Structures are given as C-alpha cells and as structure tokens.
Amino acid sequence: MARRFSKSINPFFSIPALTCALLLSASYPQSAAAQSISLTPAPIAEYNALVADWQSKRDALDDAIAAQAAFEEKNTALLETVDAQQAKVDAAKQGLSSAVLKVAEAKKRLSQVDTSDEDPKGEELSNALLQSQQNLNTVISSSETLQADIKAMKEEHAKLRSTVEQLKNAAAAAQAAFSAAEVLVEAVKSAQAVISDGDDNGDIETDFFKDAVSQAENAKKSELAAKDALAATRKRQIEVGERLLKADEQLANAKQAETSAYEKFAAADAAFKEHQARRKAAIDTRNALIAEIQGELDVAQDELDAQQAILQNESLTMQDFTAQKATAANTLSDLQADVNRAKTAFDTSQSTLRADQATRSEQGAAIVARLNTQMRDFILASAPSADTSTSTDRILIPASQIFAKNSAKLQESDGIKLNEIAAILKDTVSRVPEGIDWMIRVDSYGTGNSEEAWFISQNRALSVARSLIANGKFSGTQVSANGLVSAEPFSDATESGWIEIVLTAR
C-alpha cells in the first residue's frame with residue numbers, strides 16, 4: 001500500500017473543492033479560469049477575522065444548543081416528573097374511586113342487615129308456653145283440690161269406720177241390755193205372778209214390773225237407735241267410700257292430665273328456650289355482622305378521607321408541575337428562538353467564511369500552480385536528464401536516471417541532482433503566501449501492472465521523498481509519496497517508469 005507524508009489540512013477549507021482546484025491548477029495553470037484569478041490574496045488578517053467571527057458564531061450556536069439541550073434534559077426530567085405526578089394523580093383517583101366503592105358497598109351491606117326486633121314465632125311460642133303453664137297450673141290446682149278432698153274423705157271414712165265399730169258395740173250392748181231387760185221383765189212377771197197369788201204386795205210388784213218393762217223398752221229403743229245410727233253411719237261410710245273411689249279415679253286422671261300438661265309445658269318450654277337460643281344466636285350473629293360491617297365502613301371511610309386528602313395534595317402538586325411545564329415550554333420556545341438566531345448568524349458567518357475560503361482556495365491553488373511552474377524552470381537546471389516532452393508544467397525524471405533496474409535504492413546521477421532539487425523546493429515554498437497550505441507530492445509511475453511493480457514504484461517514491469525531506473529539511477507531513485503502476489511511457493527515457501515532483505495546494 002502507498003505510504004503518504006502529508007500535513008494536516010486546515011479544517012475551515014472545503015477539501016473536495018480545494019482538491020479539484022489544485023488538480024486543475026497543477027495541470028492547467030494557464031487556463032482562462034486560472035488567468036482570471038487574482039494571484040494577490042487578501043490579507044490573512046481578514047481571513048482570520050472571518051474565522052474568529054465564525055468561531056464566535058459557532059461557539060454562540062454551541063452555547064445556545066447546549067443551553068437548549070441542558071434545559072431539554074431538565075425539561076425531560078420535568079416531563080418525567082409530570083408524568084410520574086400524573087400517574088400519582090391517576091392512582092389517587094383510582095384509590096378514591098375504590099374507597100368510594102368500598103364505602104358504598106359497606107353501606108349497602110349494612111342496609112341489607114335485618115335489624116328488626118319483631119319475633120312473631122317467639123311471641124307464638126311464648127303464648128303457647130304461657131297457655132301450657134296456665135293449663136298445668138289448672139291441672140295441678142285441680143289435682144291438689146282432689147287430693148285435699150280425698151284426704152278429707154279418708155279422714156271422714158276413717159272416723160265413720162271408727163263410729164261403725166262403736167255403734168256396733170253400742171248396738172250389741174243395747175241388744176244385750178234389751179235381752180237382759182226382757183229377762184228381767186220375765187223374771188218380774190214370774191215374780192209378780194207368784195206374789196199376786198200369795199199376798200197383797202201387787203202394787204210393789206207392779207211398779208217393779210213397770211220399771212222392768214220400762215227398762216226393756218228403753219233398752220229396745222236404745223238397740224233400735226244404735227242399729228239406726230249404725231245403718232246410717234254404714235250408709236254414710238259407703239257413700240264416702242264410693243266418693244273416695246271416684247275421687248281416687250279422678251285423681252288418677254288428674255295425675256295423667258298433670259303429666260300430659262307438664263309434658264306439654266316442658267315441650268313448649270323447650271321449644272321456647274330453643275327458639276330463644278336460636279334467636280339470641282341470630283341476634284349475636286347479626287350484631288357481630290353489623291359490628292364487622294361497621295368496622296369495614298369505618299376503615300373504608302378513613303381510607304376515603306385519606307384518599308381525598310392524597311388526591312387533593314397530588315392535584316395541587318400537579319398544578320405546580322403543570323405551571324412549571326408551561327413555563328418550561330415558554331423557556332424552550334425562547335431557547336429555540338435563541339438557537340434559531342444563533343443558527344442564522346452562524347449560517348451567515350459560515351457562508352461568508354466558505355465563500356472567502358473558496359476564493360482563497362482558488363487563489364492558493366493558482367498561486368501554488370504558478371510557483372510550481374516557476375519551480376519547473378529551476379528544477380530543469382538541476383535535472384538536465386528530465387523528460388520535458390509533456391505539457392510545460394510537468395517534469396518527468398526517468399527512473400533509470402536515479403534507480404537501477406527493478407530497484408528502489410537511489411544511486412548517484414549527473415543528470416539528476418536531488419539535493420539541488422530539494423533546495424529549489426525549499427526556496428519555492430518559502431515564497432508561498434501566508435495562509436496557503438501546500439504539499440510536495442512525489443509520484444512514482446511504473447509501467448508494469450503486477451504487485452511487485454507497484455511495490456517497487458511505491459518504494460521509489462518513498463526513497464525520493466526521504467531524500468527531499470533530508471536535504472530540504474521538510475517535515476514528514478509536508479511531503480507525500482505515491483506509487484502508481486500501469487503507466488503509459490511518454491518516451492524511451494520513461495520506458496522503465498518515471499518520477500514527478502509537484503508542488504500543490506492541499
């Protein structure tokens with residue numbers, strides 16, 4: 001590959017335009033275009049002033065763009081903050097909506113809870129229990145009355161039984177007394193009969209008889225009274241016994257009724273207590289549900305209040321950010337206006353500078369081309385073996401004059417004196433006006449077309465360039481070396497290739 005020694009190009013020149021101008025001036029310096037260009041460049045101070053103005057405008061534009069970019073970065077952060085704040089506002093709205101729904105749902109559930117204290121079933125069971133209690137009390141009272149009656153009848157029956165025994169004894173005693181009285185009467189009759197037949201004591205005997213008869217009659221009456229009392233008492237005893245049996249039967253029925261009434265009362269009491277237990281459980285459950293829902297409602301209300309406060313705060317913050325956003329938009333508009341003004345000023349300055357650069361490039365190319373033409377005449381004196389069969393501005397140094405065949409090593413030649421050519425180049429470039437960038441180009445042409453031919457051509461260009469750099473005290477960036485192949489020779493002298501040394505503007 002070709003190795004080039006080149007000088008850095010002034011960044012303010014348009015490289016494509018310069019290159020085209022240099023090539024034209026190098027090949028055709030006497031053209032009408034070249035002849036019309038002034039070879040006296042404007043003072044470099046004017047150019048430097050244009051460059052300074054361009055730099056100032058560029059710096060101002062950079063500053064404006066930087067300020068805009070910096071503010072846009074801040075604005076981007078602000079917009080991100082606004083978006084984040086909007087997200088917070090949206091979240092707060094959503095939270096508020098959710099809290100409202102929770103409150104509404106809790107109130108709805110609370111309103112659906114049956115808080116009525118009416119208990120028709122309980123009243124029905126209570127009435128049934130009261131009725132069964134009254135029935136039981138009635139039955140118990142009746143049973144107790146029967147028991148009292150039975151007790152009284154038993155006591156009476158016992159007394160009657162005792163009275164019957166006494167009356168039996170009295171009747172027996174009365175009968176015995178009657179029997180004794182009859183015996184006495186008979187005895188008295190016998191005695192009276194005896195007495196009436198023998199003496200005059202009949203009156204005494206008659207009184208005695210009367211007494212005996214009276215006793216017998218009284219005894220008979222007593223017996224009859226005792227028997228009547230016994231019969232009446234036995235009748236009463238039978239009646240009391242019958243009543244007692246009937247009362248016992250009634251008591252048994254009452255006991256059965258009491259048992260049935262108690263069972264009914266117990267069933268009614270159990271039903272009532274069971275209902276009351278269920279009722280209490282239901283009320284407890286209801287109260288627990290109400291307390292639970294009320295707790296949820298309180299929590300939801302607190303959350304609603306908190307969400308309202310959050311939304312209010314976030315909305316106020318959003319208003320601040322919205323105001324900042326509007327201010328930032330105005331600032332961005334102002335900064336964009338600053339950038340536009342700076343860009344307009346920069347474009348104007350750059351247009352002026354480029355026009356001046358184009359003019360100076362054309363002038364530089366023409367001046368360098370003129371110096372190159374003048375330099376040719378001096379080089380010809382130090383290179384009498386050069387081929388001048390081409391156009392007047394080209395000097396072809398036959399490769400055979402300074403190189404051996406197929407070699408890139410310089411050799412001494414009376415026809416070509418590279419040290420003198422280097423001095424001529426040094427003197428020529430010293431006359432290049434300030435502000436015109438130049439370069440010495442060493443082109444080595446080879447007639448072959450192989451890779452080896454190119455390698456030799458490139459190394460020959462490098463050998464000549466090194467010689468010029470060493471003898472002319474040039475820097476490596478002021479001289480370039482270019483190896484070319486497949487060249488058509490101009491004459492027999494250039495049959496094996498040639499070297500061209502050209503002073504050109506960059």
# chains A, B, ... in the order shown; residues from 1 in each chain; ligands from 1
>>> residues_around(residues="A:Ala271", least_positions_apart="5", cutoff="9 Å", atoms="only C-alpha atoms", output="ChimeraX atom specification")
/A:125,129,266,276
>>> residues_around(residues="A:Ala268", least_positions_apart="5", cutoff="10 Å", atoms="only C-alpha atoms", output="PyMOL selection string")
chain A and resi 125-133+262-263+273-274
>>> residues_around(residues="A:Ala465", least_positions_apart="4", cutoff="7 Å", atoms="only C-alpha atoms", output="list in words")
Val442, Ala461, Ile469, Val479, Ser480 and Ala481 of chain A
>>> residues_around(residues="A:Lys102", least_positions_apart="6", cutoff="9 Å", atoms="only C-alpha atoms", output="MDAnalysis selection string")
chainID A and resid 296:297 300:301 304
>>> closest_residue(among="A:Val502, A:Ala152, A:Ile293, A:Ala282", to="A:Gln374", atoms="only C-alpha atoms")
A:Val502
>>> residues_around(residues="A:Ile501", least_positions_apart="5", cutoff="12 Å", atoms="only C-alpha atoms", output="PyMOL selection string")
chain A and resi 26+372-373+375-376+379-380+383+386+393-398+418+421-422+424-425+439-445+461+464-465+468+479-482
>>> write_last_selection(atoms="N, CA and C atoms", output="mmCIF file, in the first residue's frame")
data_model
loop_
_atom_site.group_PDB
_atom_site.id
_atom_site.type_symbol
_atom_site.label_atom_id
_atom_site.label_comp_id
_atom_site.auth_asym_id
_atom_site.auth_seq_id
_atom_site.Cartn_x
_atom_site.Cartn_y
_atom_site.Cartn_z
ATOM 1 N N ALA A 26 -2.709 22.528 -11.150
ATOM 2 C CA ALA A 26 -1.457 21.819 -11.407
ATOM 3 C C ALA A 26 -1.339 21.397 -12.857
ATOM 4 N N ASN A 372 4.686 26.430 -8.852
ATOM 5 C CA ASN A 372 5.114 25.125 -9.375
ATOM 6 C C ASN A 372 5.688 25.272 -10.780
ATOM 7 N N THR A 373 5.040 26.125 -11.574
ATOM 8 C CA THR A 373 5.541 26.355 -12.941
ATOM 9 C C THR A 373 6.909 27.044 -12.902
ATOM 10 N N MET A 375 8.973 26.883 -10.424
ATOM 11 C CA MET A 375 9.915 25.915 -9.873
ATOM 12 C C MET A 375 10.406 24.964 -10.949
ATOM 13 N N ARG A 376 9.568 24.664 -11.916
ATOM 14 C CA ARG A 376 9.952 23.750 -13.004
ATOM 15 C C ARG A 376 11.174 24.252 -13.742
ATOM 16 N N ILE A 379 14.157 23.580 -11.602
ATOM 17 C CA ILE A 379 14.481 22.153 -11.480
ATOM 18 C C ILE A 379 15.132 21.642 -12.747
ATOM 19 N N LEU A 380 14.720 22.168 -13.879
ATOM 20 C CA LEU A 380 15.293 21.698 -15.146
ATOM 21 C C LEU A 380 16.803 21.918 -15.186
ATOM 22 N N ALA A 383 18.169 19.119 -13.297
ATOM 23 C CA ALA A 383 17.774 17.803 -13.806
ATOM 24 C C ALA A 383 17.780 17.845 -15.328
ATOM 25 N N ALA A 386 15.932 15.261 -17.368
ATOM 26 C CA ALA A 386 14.480 15.125 -17.237
ATOM 27 C C ALA A 386 13.813 15.143 -18.598
ATOM 28 N N ASP A 393 4.101 22.191 -17.482
ATOM 29 C CA ASP A 393 4.207 22.222 -16.026
ATOM 30 C C ASP A 393 4.608 20.880 -15.441
ATOM 31 N N ARG A 394 4.915 19.900 -16.240
ATOM 32 C CA ARG A 394 5.302 18.587 -15.727
ATOM 33 C C ARG A 394 6.772 18.329 -16.023
ATOM 34 N N ILE A 395 7.453 17.775 -15.021
ATOM 35 C CA ILE A 395 8.858 17.380 -15.162
ATOM 36 C C ILE A 395 8.934 15.903 -14.868
ATOM 37 N N LEU A 396 9.329 15.117 -15.843
ATOM 38 C CA LEU A 396 9.395 13.676 -15.705
ATOM 39 C C LEU A 396 10.859 13.283 -15.536
ATOM 40 N N ILE A 397 11.182 12.758 -14.371
ATOM 41 C CA ILE A 397 12.553 12.306 -14.115
ATOM 42 C C ILE A 397 12.575 10.814 -14.393
ATOM 43 N N PRO A 398 13.267 10.376 -15.460
ATOM 44 C CA PRO A 398 13.296 8.946 -15.790
ATOM 45 C C PRO A 398 13.842 8.149 -14.609
ATOM 46 N N LEU A 418 19.167 15.434 -6.742
ATOM 47 C CA LEU A 418 18.033 15.569 -5.841
ATOM 48 C C LEU A 418 18.291 16.575 -4.729
ATOM 49 N N ILE A 421 17.497 19.862 -6.152
ATOM 50 C CA ILE A 421 16.039 19.971 -6.310
ATOM 51 C C ILE A 421 15.390 20.267 -4.956
ATOM 52 N N ALA A 422 15.901 19.640 -3.881
ATOM 53 C CA ALA A 422 15.370 19.887 -2.540
ATOM 54 C C ALA A 422 15.563 21.341 -2.146
ATOM 55 N N ILE A 424 15.806 23.863 -4.225
ATOM 56 C CA ILE A 424 14.871 24.640 -5.048
ATOM 57 C C ILE A 424 13.466 24.584 -4.429
ATOM 58 N N LEU A 425 13.073 23.412 -4.006
ATOM 59 C CA LEU A 425 11.752 23.266 -3.379
ATOM 60 C C LEU A 425 11.658 24.104 -2.118
ATOM 61 N N MET A 439 1.755 21.310 -0.216
ATOM 62 C CA MET A 439 2.305 19.981 -0.021
ATOM 63 C C MET A 439 3.160 19.633 -1.238
ATOM 64 N N ILE A 440 4.243 18.940 -0.981
ATOM 65 C CA ILE A 440 5.102 18.439 -2.068
ATOM 66 C C ILE A 440 4.709 16.998 -2.315
ATOM 67 N N ARG A 441 4.308 16.733 -3.525
ATOM 68 C CA ARG A 441 3.855 15.402 -3.877
ATOM 69 C C ARG A 441 4.900 14.719 -4.752
ATOM 70 N N VAL A 442 5.341 13.533 -4.330
ATOM 71 C CA VAL A 442 6.287 12.731 -5.114
ATOM 72 C C VAL A 442 5.502 11.562 -5.677
ATOM 73 N N ASP A 443 5.314 11.537 -7.001
ATOM 74 C CA ASP A 443 4.567 10.473 -7.665
ATOM 75 C C ASP A 443 5.531 9.609 -8.448
ATOM 76 N N SER A 444 5.512 8.296 -8.154
ATOM 77 C CA SER A 444 6.364 7.348 -8.876
ATOM 78 C C SER A 444 5.473 6.540 -9.786
ATOM 79 N N TYR A 445 5.723 6.587 -11.094
ATOM 80 C CA TYR A 445 4.940 5.877 -12.098
ATOM 81 C C TYR A 445 5.709 4.649 -12.554
ATOM 82 N N ALA A 461 9.088 6.046 -4.784
ATOM 83 C CA ALA A 461 8.515 7.314 -4.346
ATOM 84 C C ALA A 461 8.965 7.624 -2.924
ATOM 85 N N VAL A 464 12.695 8.854 -2.879
ATOM 86 C CA VAL A 464 12.842 10.242 -3.320
ATOM 87 C C VAL A 464 12.308 11.182 -2.238
ATOM 88 N N ALA A 465 11.156 10.821 -1.634
ATOM 89 C CA ALA A 465 10.569 11.668 -0.597
ATOM 90 C C ALA A 465 11.515 11.786 0.592
ATOM 91 N N LEU A 468 14.309 14.206 -0.299
ATOM 92 C CA LEU A 468 13.882 15.601 -0.270
ATOM 93 C C LEU A 468 13.696 16.084 1.168
ATOM 94 N N VAL A 479 5.494 16.298 2.792
ATOM 95 C CA VAL A 479 5.857 15.547 1.590
ATOM 96 C C VAL A 479 5.055 14.263 1.570
ATOM 97 N N SER A 480 4.465 13.944 0.425
ATOM 98 C CA SER A 480 3.732 12.689 0.272
ATOM 99 C C SER A 480 4.385 11.849 -0.806
ATOM 100 N N ALA A 481 4.285 10.520 -0.674
ATOM 101 C CA ALA A 481 4.869 9.576 -1.631
ATOM 102 C C ALA A 481 3.764 8.688 -2.152
ATOM 103 N N ASN A 482 3.641 8.591 -3.472
ATOM 104 C CA ASN A 482 2.563 7.829 -4.091
ATOM 105 C C ASN A 482 3.128 6.917 -5.162
#
>>> residues_around(residues="stretch 399-404 of chain A", least_positions_apart="2", cutoff="7 Å", atoms="only C-alpha atoms", output="JSON, numbers by chain")
{"A": [397, 406, 407, 408, 409, 410, 411, 412, 413, 415, 416, 496, 497, 498, 499]}
>>> write_last_selection(atoms="N, CA and C atoms", output="compact mmCIF listing (two decimals), in the first residue's frame")
# COMPACT_ATOMS: atom_id res chain seq x y z
N ILE A 397 11.18 12.76 -14.37
CA ILE A 397 12.55 12.31 -14.11
C ILE A 397 12.57 10.81 -14.39
N ASN A 406 14.71 -2.53 -11.63
CA ASN A 406 13.95 -3.26 -10.59
C ASN A 406 14.45 -2.97 -9.18
N SER A 407 14.96 -1.74 -8.94
CA SER A 407 15.48 -1.38 -7.63
C SER A 407 14.85 -0.06 -7.20
N ALA A 408 14.73 0.10 -5.86
CA ALA A 408 14.21 1.34 -5.31
C ALA A 408 15.28 2.08 -4.53
N LYS A 409 16.53 1.68 -4.67
CA LYS A 409 17.63 2.34 -3.98
C LYS A 409 18.21 3.43 -4.86
N LEU A 410 18.30 4.66 -4.30
CA LEU A 410 18.83 5.79 -5.07
C LEU A 410 20.29 5.57 -5.41
N GLN A 411 20.65 6.06 -6.58
CA GLN A 411 22.05 6.00 -7.00
C GLN A 411 22.46 7.36 -7.54
N GLU A 412 23.78 7.62 -7.48
CA GLU A 412 24.31 8.91 -7.96
C GLU A 412 24.03 9.09 -9.43
N SER A 413 23.70 10.36 -9.79
CA SER A 413 23.42 10.64 -11.20
C SER A 413 23.83 12.07 -11.50
N GLY A 415 22.81 13.51 -14.16
CA GLY A 415 21.68 14.14 -14.83
C GLY A 415 20.59 14.58 -13.86
N ILE A 416 20.61 14.01 -12.67
CA ILE A 416 19.56 14.34 -11.69
C ILE A 416 20.23 14.58 -10.35
N SER A 496 10.95 2.68 -18.48
CA SER A 496 11.01 1.89 -17.24
C SER A 496 10.40 2.65 -16.06
N GLY A 497 9.63 3.69 -16.32
CA GLY A 497 8.97 4.44 -15.27
C GLY A 497 9.60 5.80 -15.06
N TRP A 498 8.95 6.68 -14.25
CA TRP A 498 9.50 8.00 -14.01
C TRP A 498 9.01 8.55 -12.68
N ILE A 499 9.61 9.63 -12.27
CA ILE A 499 9.28 10.31 -11.01
C ILE A 499 8.82 11.71 -11.35
>>> select_by_dssp(residues="stretch 305-480 of chain A", states="alpha helix (DSSP H)", output="NGL selection string")
:A and (305-382 or 399-402 or 418-429 or 451-472)
>>> closest_atom_pairs(of="stretch 119-211 of chain A", to="stretch 217-222 of chain A", cutoff="10 Å", atoms="only C-alpha atoms", output="CSV")
residue,atom,partner,partner_atom,distance
A:Ala170,CA,A:Ser222,CA,8.5
A:Ala171,CA,A:Ser222,CA,7.6
A:Ala173,CA,A:Ser222,CA,9.1
A:Ala174,CA,A:Ser222,CA,5.6
A:Gln175,CA,A:Lys220,CA,7.0
A:Ala176,CA,A:Ala219,CA,8.4
A:Ala177,CA,A:Ala219,CA,5.6
A:Phe178,CA,A:Ala219,CA,4.5
A:Ser179,CA,A:Ala219,CA,8.2
A:Ala180,CA,A:Ala219,CA,8.7
A:Ala181,CA,A:Ala219,CA,6.8
A:Glu182,CA,A:Glu217,CA,8.8
A:Asp211,CA,A:Glu217,CA,9.6
>>> write_last_selection(atoms="N, CA and C atoms", output="PDB file, in the first residue's frame")
ATOM      1  N   ALA A 170    -122.156 -50.431 120.572  1.00  0.00           N
ATOM      2  CA  ALA A 170    -123.316 -49.865 121.274  1.00  0.00           C
ATOM      3  C   ALA A 170    -124.581 -50.679 120.977  1.00  0.00           C
ATOM      4  N   ALA A 171    -124.771 -51.084 119.713  1.00  0.00           N
ATOM      5  CA  ALA A 171    -125.931 -51.890 119.326  1.00  0.00           C
ATOM      6  C   ALA A 171    -125.911 -53.227 120.045  1.00  0.00           C
ATOM      7  N   ALA A 173    -124.320 -53.781 122.828  1.00  0.00           N
ATOM      8  CA  ALA A 173    -124.576 -53.520 124.232  1.00  0.00           C
ATOM      9  C   ALA A 173    -126.076 -53.272 124.453  1.00  0.00           C
ATOM     10  N   ALA A 174    -126.677 -52.508 123.522  1.00  0.00           N
ATOM     11  CA  ALA A 174    -128.094 -52.210 123.633  1.00  0.00           C
ATOM     12  C   ALA A 174    -128.924 -53.494 123.510  1.00  0.00           C
ATOM     13  N   GLN A 175    -128.525 -54.390 122.610  1.00  0.00           N
ATOM     14  CA  GLN A 175    -129.224 -55.656 122.420  1.00  0.00           C
ATOM     15  C   GLN A 175    -129.066 -56.510 123.658  1.00  0.00           C
ATOM     16  N   ALA A 176    -127.805 -56.463 124.186  1.00  0.00           N
ATOM     17  CA  ALA A 176    -127.589 -57.257 125.420  1.00  0.00           C
ATOM     18  C   ALA A 176    -128.460 -56.704 126.566  1.00  0.00           C
ATOM     19  N   ALA A 177    -128.476 -55.319 126.616  1.00  0.00           N
ATOM     20  CA  ALA A 177    -129.290 -54.683 127.648  1.00  0.00           C
ATOM     21  C   ALA A 177    -130.759 -55.010 127.447  1.00  0.00           C
ATOM     22  N   PHE A 178    -131.198 -55.048 126.187  1.00  0.00           N
ATOM     23  CA  PHE A 178    -132.615 -55.394 125.895  1.00  0.00           C
ATOM     24  C   PHE A 178    -132.912 -56.829 126.287  1.00  0.00           C
ATOM     25  N   SER A 179    -131.900 -57.656 125.920  1.00  0.00           N
ATOM     26  CA  SER A 179    -132.091 -59.074 126.282  1.00  0.00           C
ATOM     27  C   SER A 179    -132.154 -59.219 127.793  1.00  0.00           C
ATOM     28  N   ALA A 180    -131.288 -58.469 128.502  1.00  0.00           N
ATOM     29  CA  ALA A 180    -131.276 -58.526 129.954  1.00  0.00           C
ATOM     30  C   ALA A 180    -132.574 -57.926 130.500  1.00  0.00           C
ATOM     31  N   ALA A 181    -133.035 -56.840 129.828  1.00  0.00           N
ATOM     32  CA  ALA A 181    -134.269 -56.233 130.259  1.00  0.00           C
ATOM     33  C   ALA A 181    -135.449 -57.197 130.061  1.00  0.00           C
ATOM     34  N   GLU A 182    -135.499 -57.961 128.978  1.00  0.00           N
ATOM     35  CA  GLU A 182    -136.549 -58.945 128.721  1.00  0.00           C
ATOM     36  C   GLU A 182    -136.493 -60.041 129.778  1.00  0.00           C
ATOM     37  N   ASP A 211    -141.131 -50.923 135.993  1.00  0.00           N
ATOM     38  CA  ASP A 211    -139.735 -50.473 135.827  1.00  0.00           C
ATOM     39  C   ASP A 211    -138.974 -51.417 134.905  1.00  0.00           C
TER      40      ASP A 211
END
>>> closest_residue(among="A:Ala261, A:Glu488, A:Glu292, A:Glu303", to="A:Asn135", atoms="only C-alpha atoms")
A:Ala261
>>> closest_residue(among="A:Arg161, A:Lys151, A:Arg460, A:Arg466", to="A:Arg236", atoms="only C-alpha atoms")
A:Arg161
